[in-house]
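Below: target15.txt (compact mmCIF, C-alpha atoms)
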# COMPACT_ATOMS: atom_id res chain seq x y z
CA MET X 1 6.86 -33.69 -27.84
CA GLY X 2 4.34 -35.87 -26.00
CA SER X 3 6.41 -35.84 -22.82
CA GLN X 4 6.75 -32.04 -22.98
CA MET X 5 2.98 -31.60 -23.31
CA ALA X 6 2.43 -34.01 -20.42
CA SER X 7 4.81 -31.92 -18.29
CA VAL X 8 2.95 -28.72 -19.14
CA ASP X 9 -0.40 -30.35 -18.37
CA SER X 10 0.97 -31.58 -15.05
CA GLU X 11 2.16 -28.07 -14.08
CA ARG X 12 -1.23 -26.61 -14.97
CA ALA X 13 -3.01 -29.26 -12.92
CA ALA X 14 -0.83 -28.40 -9.91
CA GLN X 15 -1.88 -24.74 -10.03
CA PRO X 16 -5.14 -23.68 -8.33
CA ALA X 17 -7.93 -22.83 -10.75
CA GLY X 18 -9.25 -19.30 -10.55
CA SER X 19 -8.98 -16.82 -7.73
CA PRO X 20 -8.46 -18.29 -4.22
CA PRO X 21 -11.56 -17.83 -2.01
CA LEU X 22 -9.68 -15.66 0.52
CA VAL X 23 -8.42 -13.29 -2.17
CA GLU X 24 -11.80 -13.18 -3.92
CA ARG X 25 -13.54 -12.35 -0.64
CA ALA X 26 -11.02 -9.60 0.12
CA LEU X 27 -11.42 -8.13 -3.37
CA ARG X 28 -15.20 -8.03 -3.05
CA VAL X 29 -15.15 -6.54 0.45
CA ALA X 30 -12.61 -3.90 -0.58
CA ALA X 31 -14.55 -3.02 -3.75
CA SER X 32 -17.77 -2.70 -1.76
CA TYR X 33 -16.33 -0.45 0.94
CA HIS X 34 -14.32 1.75 -1.45
CA HIS X 35 -17.26 2.33 -3.80
CA PRO X 36 -17.76 5.07 -5.00
CA GLN X 37 -14.46 6.60 -3.82
CA SER X 38 -11.98 7.98 -6.35
CA ARG X 39 -8.23 8.41 -6.24
CA LYS X 40 -6.94 11.69 -4.82
CA GLY X 41 -7.67 14.62 -7.14
CA GLY X 42 -9.26 12.63 -9.97
CA THR X 43 -12.00 10.31 -11.17
CA VAL X 44 -10.08 7.02 -11.20
CA PRO X 45 -11.96 4.50 -9.00
CA TYR X 46 -10.17 4.03 -5.69
CA ILE X 47 -10.25 0.24 -5.92
CA THR X 48 -7.52 0.48 -8.59
CA HIS X 49 -5.08 1.36 -5.79
CA PRO X 50 -5.43 -1.72 -3.55
CA VAL X 51 -5.53 -3.91 -6.66
CA GLY X 52 -2.34 -2.21 -7.85
CA VAL X 53 -0.70 -2.83 -4.47
CA ALA X 54 -1.66 -6.52 -4.60
CA LEU X 55 -0.24 -6.84 -8.13
CA LEU X 56 3.04 -5.22 -7.08
CA LEU X 57 3.36 -7.57 -4.13
CA HIS X 58 2.88 -10.53 -6.44
CA ARG X 59 5.41 -9.13 -8.91
CA PHE X 60 8.01 -8.84 -6.16
CA GLY X 61 7.48 -12.42 -5.02
CA PHE X 62 4.99 -11.98 -2.17
CA GLY X 63 2.17 -14.11 -3.48
CA ASP X 64 0.67 -15.91 -0.52
CA ASP X 65 -3.09 -15.52 -0.26
CA ALA X 66 -3.18 -13.91 3.19
CA LEU X 67 -0.72 -11.19 2.20
CA VAL X 68 -2.52 -10.45 -1.07
CA ALA X 69 -5.82 -10.29 0.82
CA ALA X 70 -4.30 -7.83 3.33
CA ALA X 71 -3.04 -5.69 0.44
CA LEU X 72 -6.53 -5.53 -1.05
CA LEU X 73 -7.98 -4.53 2.33
CA HIS X 74 -5.16 -2.29 3.55
CA ASP X 75 -7.13 0.99 3.39
CA VAL X 76 -10.63 -0.10 4.40
CA ILE X 77 -10.26 0.69 8.12
CA GLU X 78 -8.40 3.92 7.46
CA ASP X 79 -10.60 5.34 4.69
CA THR X 80 -14.04 3.72 4.88
CA PRO X 81 -16.70 2.96 7.53
CA CYS X 82 -15.28 -0.58 7.86
CA THR X 83 -14.16 -1.44 11.39
CA LEU X 84 -11.70 -3.92 12.80
CA ASP X 85 -14.62 -6.01 14.08
CA ASP X 86 -16.05 -6.15 10.55
CA LEU X 87 -12.81 -7.71 9.32
CA ILE X 88 -12.47 -10.05 12.30
CA SER X 89 -15.81 -11.61 11.43
CA ARG X 90 -14.76 -12.29 7.83
CA PHE X 91 -11.01 -12.88 7.68
CA PRO X 92 -8.31 -14.91 9.45
CA PRO X 93 -6.17 -13.24 12.15
CA GLU X 94 -3.05 -12.90 9.97
CA VAL X 95 -5.01 -10.77 7.48
CA VAL X 96 -6.70 -8.65 10.13
CA GLU X 97 -3.48 -8.08 12.07
CA THR X 98 -1.67 -6.91 8.94
CA VAL X 99 -4.44 -4.48 8.00
CA ALA X 100 -4.58 -3.13 11.58
CA ALA X 101 -0.80 -2.55 11.59
CA LEU X 102 -1.06 -0.54 8.38
CA SER X 103 -4.02 1.64 9.33
CA GLU X 104 -3.25 5.27 10.05
CA ARG X 105 -5.23 7.11 12.74
CA LYS X 106 -6.54 10.11 10.81
CA HIS X 107 -9.08 11.40 13.35
CA GLY X 108 -9.00 12.20 17.03
CA PRO X 109 -11.41 10.85 19.68
CA ASP X 110 -13.88 13.63 18.88
CA GLY X 111 -13.86 12.78 15.17
CA SER X 112 -11.92 15.86 14.10
CA PRO X 113 -9.05 15.50 11.60
CA ARG X 114 -5.62 15.16 13.20
CA PRO X 115 -2.77 17.43 12.02
CA TRP X 116 -1.02 15.90 9.01
CA ARG X 117 2.49 16.03 10.54
CA ASN X 118 1.39 14.43 13.83
CA ARG X 119 -0.36 11.48 12.25
CA LYS X 120 2.46 10.86 9.79
CA GLN X 121 5.04 10.82 12.58
CA GLU X 122 2.88 8.35 14.49
CA HIS X 123 2.41 6.19 11.39
CA ILE X 124 6.17 6.05 10.78
CA GLU X 125 6.75 4.71 14.30
CA GLN X 126 3.86 2.29 13.91
CA ILE X 127 5.37 0.87 10.72
CA ARG X 128 8.83 0.68 12.27
CA ALA X 129 7.41 -1.70 14.89
CA ALA X 130 5.25 -3.72 12.48
CA SER X 131 5.81 -7.25 11.19
CA TRP X 132 7.75 -7.79 7.99
CA ARG X 133 4.48 -8.78 6.30
CA ALA X 134 2.87 -5.44 7.11
CA ARG X 135 6.02 -3.63 6.04
CA ALA X 136 5.97 -5.47 2.70
CA VAL X 137 2.42 -4.26 2.03
CA LEU X 138 3.41 -0.74 3.11
CA LEU X 139 6.27 -0.66 0.61
CA ALA X 140 4.03 -1.90 -2.21
CA ASP X 141 1.50 0.77 -1.18
CA LYS X 142 4.11 3.53 -1.37
CA LEU X 143 5.47 2.20 -4.66
CA HIS X 144 2.01 2.33 -6.22
CA ASN X 145 1.33 5.82 -4.82
CA LEU X 146 4.67 7.17 -6.03
CA SER X 147 4.23 5.57 -9.45
CA SER X 148 0.76 7.12 -9.70
CA ILE X 149 2.18 10.55 -8.85
CA GLN X 150 4.85 10.13 -11.54
CA PHE X 151 2.24 8.96 -14.06
CA ASP X 152 0.07 12.03 -13.40
CA LEU X 153 3.02 14.42 -13.53
CA ASP X 154 4.09 12.95 -16.87
CA ALA X 155 0.54 13.55 -18.10
CA GLY X 156 0.86 17.24 -17.18
CA GLU X 157 -1.44 17.14 -14.17
CA GLU X 158 -1.08 19.27 -11.05
CA VAL X 159 -0.32 16.82 -8.27
CA TRP X 160 1.15 18.45 -5.18
CA SER X 161 -1.91 20.57 -4.37
CA ARG X 162 -3.83 17.33 -3.69
CA PHE X 163 -1.94 16.75 -0.45
CA HIS X 164 -2.55 18.22 3.00
CA ALA X 165 1.09 19.23 3.32
CA PRO X 166 3.76 21.05 1.28
CA ARG X 167 5.65 19.09 -1.37
CA ALA X 168 8.85 19.03 0.72
CA GLU X 169 7.08 17.36 3.65
CA VAL X 170 5.34 14.84 1.38
CA LEU X 171 8.74 13.84 -0.01
CA TRP X 172 10.25 13.67 3.47
CA TYR X 173 7.43 11.44 4.67
CA HIS X 174 7.90 8.97 1.81
CA ARG X 175 11.67 8.74 2.25
CA THR X 176 11.35 8.30 5.99
CA ILE X 177 8.62 5.67 5.98
CA ILE X 178 10.34 3.68 3.23
CA ALA X 179 13.43 3.46 5.45
CA ALA X 180 11.28 2.58 8.47
CA ALA X 181 9.63 -0.22 6.51
CA CYS X 182 12.71 -1.68 4.87
CA GLN X 183 15.07 -1.79 7.89
CA ASP X 184 17.74 -3.38 5.65
CA ASP X 185 15.63 -6.54 5.50
CA PRO X 186 16.88 -8.44 2.42
CA ARG X 187 13.35 -9.70 1.76
CA LEU X 188 12.12 -6.12 1.43
CA SER X 189 15.13 -4.41 -0.16
CA PRO X 190 13.96 -4.86 -3.80
CA LEU X 191 10.63 -3.19 -3.01
CA ALA X 192 12.32 -0.39 -1.05
CA ASP X 193 14.85 0.17 -3.84
CA ALA X 194 12.03 0.43 -6.38
CA CYS X 195 10.31 3.01 -4.17
CA ARG X 196 13.49 5.06 -3.86
CA ALA X 197 14.09 4.92 -7.62
CA VAL X 198 10.70 6.50 -8.33
CA LEU X 199 11.14 8.97 -5.49
CA ASP X 200 14.49 10.06 -6.89
CA GLU X 201 12.81 10.74 -10.23
CA LEU X 202 10.22 12.90 -8.49
CA ALA X 203 12.86 14.79 -6.53
CA PRO X 204 16.56 13.91 -6.22
CA PRO X 205 17.68 13.83 -2.56
CA ALA X 206 19.59 17.09 -2.89
CA SER X 207 16.51 18.94 -4.14
CA GLY X 208 14.64 19.09 -0.88
CA ALA X 209 13.45 15.80 0.55
CA SER X 210 14.58 16.64 4.07
CA CYS X 211 11.95 17.46 6.63
CA PRO X 212 11.42 21.15 7.39
CA PRO X 213 12.10 22.02 11.03
CA ASP X 214 9.23 22.16 13.50
CA GLU X 215 7.80 25.60 14.02
I need this file expressed as structure tokens, please.
Amino acid sequence: MGSQMASVDSERAAQPAGSPPLVERALRVAASYHHPQSRKGGTVPYITHPVGVALLLHRFGFGDDALVAAALLHDVIEDTPCTLDDLISRFPPEVVETVAALSERKHGPDGSPRPWRNRKQEHIEQIRAASWRARAVLLADKLHNLSSIQFDLDAGEEVWSRFHAPRAEVLWYHRTIIAAACQDDPRLSPLADACRAVLDELAPPASGASCPPDE
């Protein structure tokens, strides 16, 4: 019994105490920039999304501090006033590069919103060329978004009107970017498979996940 307790104590001593400084800093920066944003179509604080993405990454075995930090920060450039320079001054290059690779360009040079289809097509190609680390965060991001959609649908909420595109195009986008992110990489296949499982519950492939033709 004594030797077993000593082994447990040794394992605990080998584990870092508390939240790593890099992850804690990322959490605080993300929470600050995303306040007081809410999730699409509701009152749930937006910070629950990047935290959910970080938790999913950890669950699927991607637990290194830099990747978790990037997951927490993955939307700050895209959806808040935070700039790339703001992150460069606070975080190591591997975190900043991952966040930059994930950030979608939602507005044109004049500040006007870009057409939904155009920016999604660009984002798909951007992810296809990204590092496996960025693609891992992307897949965790999509898994959390899809799971949130399913959760709201199960609760009887109207979901599809929240998007800037018809349901069929939203489904097409998710299927396409999941494939672009996975690329048959065995490290990423479990995350991609989990995404597809939820997507198939939302709409089986035969029910209209193909992209409508360009007009």
Restricting the calculation to all atoms listed in the file: of X:Pro113, X:Pro190, X:Pro45, X:Gly18, which residue gets closest to His164 in chain X?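 Smallest separation from His164 in chain X among the options: X:Pro113.
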Got a sec to check which residues sit within 12 Å of (3.7, 3.1, -8.0), counting all atoms listed in the file, and write them as a PyMOL selection string? chain X and resi 48-57+138-152+191-192+194-199+202
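For Gln126 in chain X, the non-local neighbours within 12 Å, defined as residues at least 5 positions apart in the same chain or in other chains and counting all atoms listed in the file, are X:Thr98, X:Ala100, X:Ala101, X:Leu102, X:Ser103, X:Glu104, X:Arg105, X:Arg119, X:Lys120, X:Gln121, X:Ser131, X:Ala134, X:Arg135, X:Leu138, X:Ile177, X:Ala180, X:Ala181.
Using all atoms listed in the file, the shortest contact distance between His74 in chain X and any of X:Pro21, X:Lys106, X:Gln37, X:Val99 is found at X:Val99.
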Please check which residues have atoms at most 10 Å from (-16.2, -3.9, 1.1) in the file's coordinates, counting only C-alpha atoms, and write them as a list in words.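 Nearby residues: Arg25, Ala26, Leu27, Arg28, Val29, Ala30, Ala31, Ser32, Tyr33, His34, His35, Leu73, Val76, Thr80, Pro81, Cys82, Asp86 and Leu87 of chain X.
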Distance CA of Glu24 in chain X-CA of Ala69 in chain X, one decimal place?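 Distance between the two atoms: 8.2 Å.
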Interatomic distance (Å, one decimal) between CA of Arg39 in chain X and CA of Pro115 in chain X: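 Separating CA of Arg39 in chain X from CA of Pro115 in chain X is a distance of 21.1 Å.
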Rounded to one decimal, what separation in Å do you get between CA of Leu153 in chain X and CA of Asp200 in chain X?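 For CA of Leu153 in chain X relative to CA of Asp200 in chain X, the distance reads 14.0 Å.
The residue that comes closest to Cys182 in chain X, out of X:Ala165, X:Glu158, X:Arg128, X:Val23 and on the basis of all atoms listed in the file, is X:Arg128.
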Can you put N, CA and C atoms back into range 158-179 of chain X and show it as a PDB file, keeping the file's coordinate frame?
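part15.pdb was written with the following content:
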ATOM      1  N   GLU X 158      -1.529  18.668 -12.299  1.00  0.00           N
ATOM      2  CA  GLU X 158      -1.080  19.270 -11.050  1.00  0.00           C
ATOM      3  C   GLU X 158      -1.305  18.262  -9.936  1.00  0.00           C
ATOM      4  N   VAL X 159      -0.249  17.906  -9.238  1.00  0.00           N
ATOM      5  CA  VAL X 159      -0.320  16.820  -8.270  1.00  0.00           C
ATOM      6  C   VAL X 159      -0.198  17.307  -6.829  1.00  0.00           C
ATOM      7  N   TRP X 160       0.778  18.168  -6.561  1.00  0.00           N
ATOM      8  CA  TRP X 160       1.150  18.450  -5.180  1.00  0.00           C
ATOM      9  C   TRP X 160       0.069  19.171  -4.398  1.00  0.00           C
ATOM     10  N   SER X 161      -0.822  19.880  -5.071  1.00  0.00           N
ATOM     11  CA  SER X 161      -1.910  20.570  -4.370  1.00  0.00           C
ATOM     12  C   SER X 161      -2.945  19.599  -3.805  1.00  0.00           C
ATOM     13  N   ARG X 162      -2.879  18.328  -4.185  1.00  0.00           N
ATOM     14  CA  ARG X 162      -3.830  17.330  -3.690  1.00  0.00           C
ATOM     15  C   ARG X 162      -3.555  16.943  -2.239  1.00  0.00           C
ATOM     16  N   PHE X 163      -2.347  17.214  -1.768  1.00  0.00           N
ATOM     17  CA  PHE X 163      -1.940  16.750  -0.450  1.00  0.00           C
ATOM     18  C   PHE X 163      -2.235  17.804   0.619  1.00  0.00           C
ATOM     19  N   HIS X 164      -2.275  17.339   1.869  1.00  0.00           N
ATOM     20  CA  HIS X 164      -2.550  18.220   3.000  1.00  0.00           C
ATOM     21  C   HIS X 164      -1.255  18.727   3.631  1.00  0.00           C
ATOM     22  N   ALA X 165      -0.200  18.776   2.834  1.00  0.00           N
ATOM     23  CA  ALA X 165       1.090  19.230   3.320  1.00  0.00           C
ATOM     24  C   ALA X 165       1.900  19.733   2.125  1.00  0.00           C
ATOM     25  N   PRO X 166       2.910  20.589   2.372  1.00  0.00           N
ATOM     26  CA  PRO X 166       3.760  21.050   1.280  1.00  0.00           C
ATOM     27  C   PRO X 166       4.522  19.904   0.622  1.00  0.00           C
ATOM     28  N   ARG X 167       4.930  20.110  -0.608  1.00  0.00           N
ATOM     29  CA  ARG X 167       5.650  19.090  -1.370  1.00  0.00           C
ATOM     30  C   ARG X 167       6.858  18.558  -0.616  1.00  0.00           C
ATOM     31  N   ALA X 168       7.632  19.458   0.020  1.00  0.00           N
ATOM     32  CA  ALA X 168       8.850  19.030   0.720  1.00  0.00           C
ATOM     33  C   ALA X 168       8.525  18.039   1.843  1.00  0.00           C
ATOM     34  N   GLU X 169       7.431  18.270   2.553  1.00  0.00           N
ATOM     35  CA  GLU X 169       7.080  17.360   3.650  1.00  0.00           C
ATOM     36  C   GLU X 169       6.535  16.037   3.113  1.00  0.00           C
ATOM     37  N   VAL X 170       5.827  16.088   1.996  1.00  0.00           N
ATOM     38  CA  VAL X 170       5.340  14.840   1.380  1.00  0.00           C
ATOM     39  C   VAL X 170       6.525  13.970   0.970  1.00  0.00           C
ATOM     40  N   LEU X 171       7.547  14.590   0.394  1.00  0.00           N
ATOM     41  CA  LEU X 171       8.740  13.840  -0.010  1.00  0.00           C
ATOM     42  C   LEU X 171       9.487  13.300   1.208  1.00  0.00           C
ATOM     43  N   TRP X 172       9.609  14.126   2.241  1.00  0.00           N
ATOM     44  CA  TRP X 172      10.250  13.670   3.470  1.00  0.00           C
ATOM     45  C   TRP X 172       9.528  12.452   4.048  1.00  0.00           C
ATOM     46  N   TYR X 173       8.216  12.538   4.111  1.00  0.00           N
ATOM     47  CA  TYR X 173       7.430  11.440   4.670  1.00  0.00           C
ATOM     48  C   TYR X 173       7.695  10.137   3.922  1.00  0.00           C
ATOM     49  N   HIS X 174       7.686  10.198   2.596  1.00  0.00           N
ATOM     50  CA  HIS X 174       7.900   8.970   1.810  1.00  0.00           C
ATOM     51  C   HIS X 174       9.301   8.405   2.033  1.00  0.00           C
ATOM     52  N   ARG X 175      10.317   9.255   2.018  1.00  0.00           N
ATOM     53  CA  ARG X 175      11.670   8.740   2.250  1.00  0.00           C
ATOM     54  C   ARG X 175      11.804   8.122   3.633  1.00  0.00           C
ATOM     55  N   THR X 176      11.203   8.762   4.621  1.00  0.00           N
ATOM     56  CA  THR X 176      11.350   8.300   5.990  1.00  0.00           C
ATOM     57  C   THR X 176      10.604   6.989   6.231  1.00  0.00           C
ATOM     58  N   ILE X 177       9.392   6.885   5.721  1.00  0.00           N
ATOM     59  CA  ILE X 177       8.620   5.670   5.980  1.00  0.00           C
ATOM     60  C   ILE X 177       9.132   4.494   5.155  1.00  0.00           C
ATOM     61  N   ILE X 178       9.715   4.764   3.998  1.00  0.00           N
ATOM     62  CA  ILE X 178      10.340   3.680   3.230  1.00  0.00           C
ATOM     63  C   ILE X 178      11.503   3.090   4.015  1.00  0.00           C
ATOM     64  N   ALA X 179      12.317   3.947   4.623  1.00  0.00           N
ATOM     65  CA  ALA X 179      13.430   3.460   5.450  1.00  0.00           C
ATOM     66  C   ALA X 179      12.916   2.713   6.674  1.00  0.00           C
TER      67      ALA X 179
END
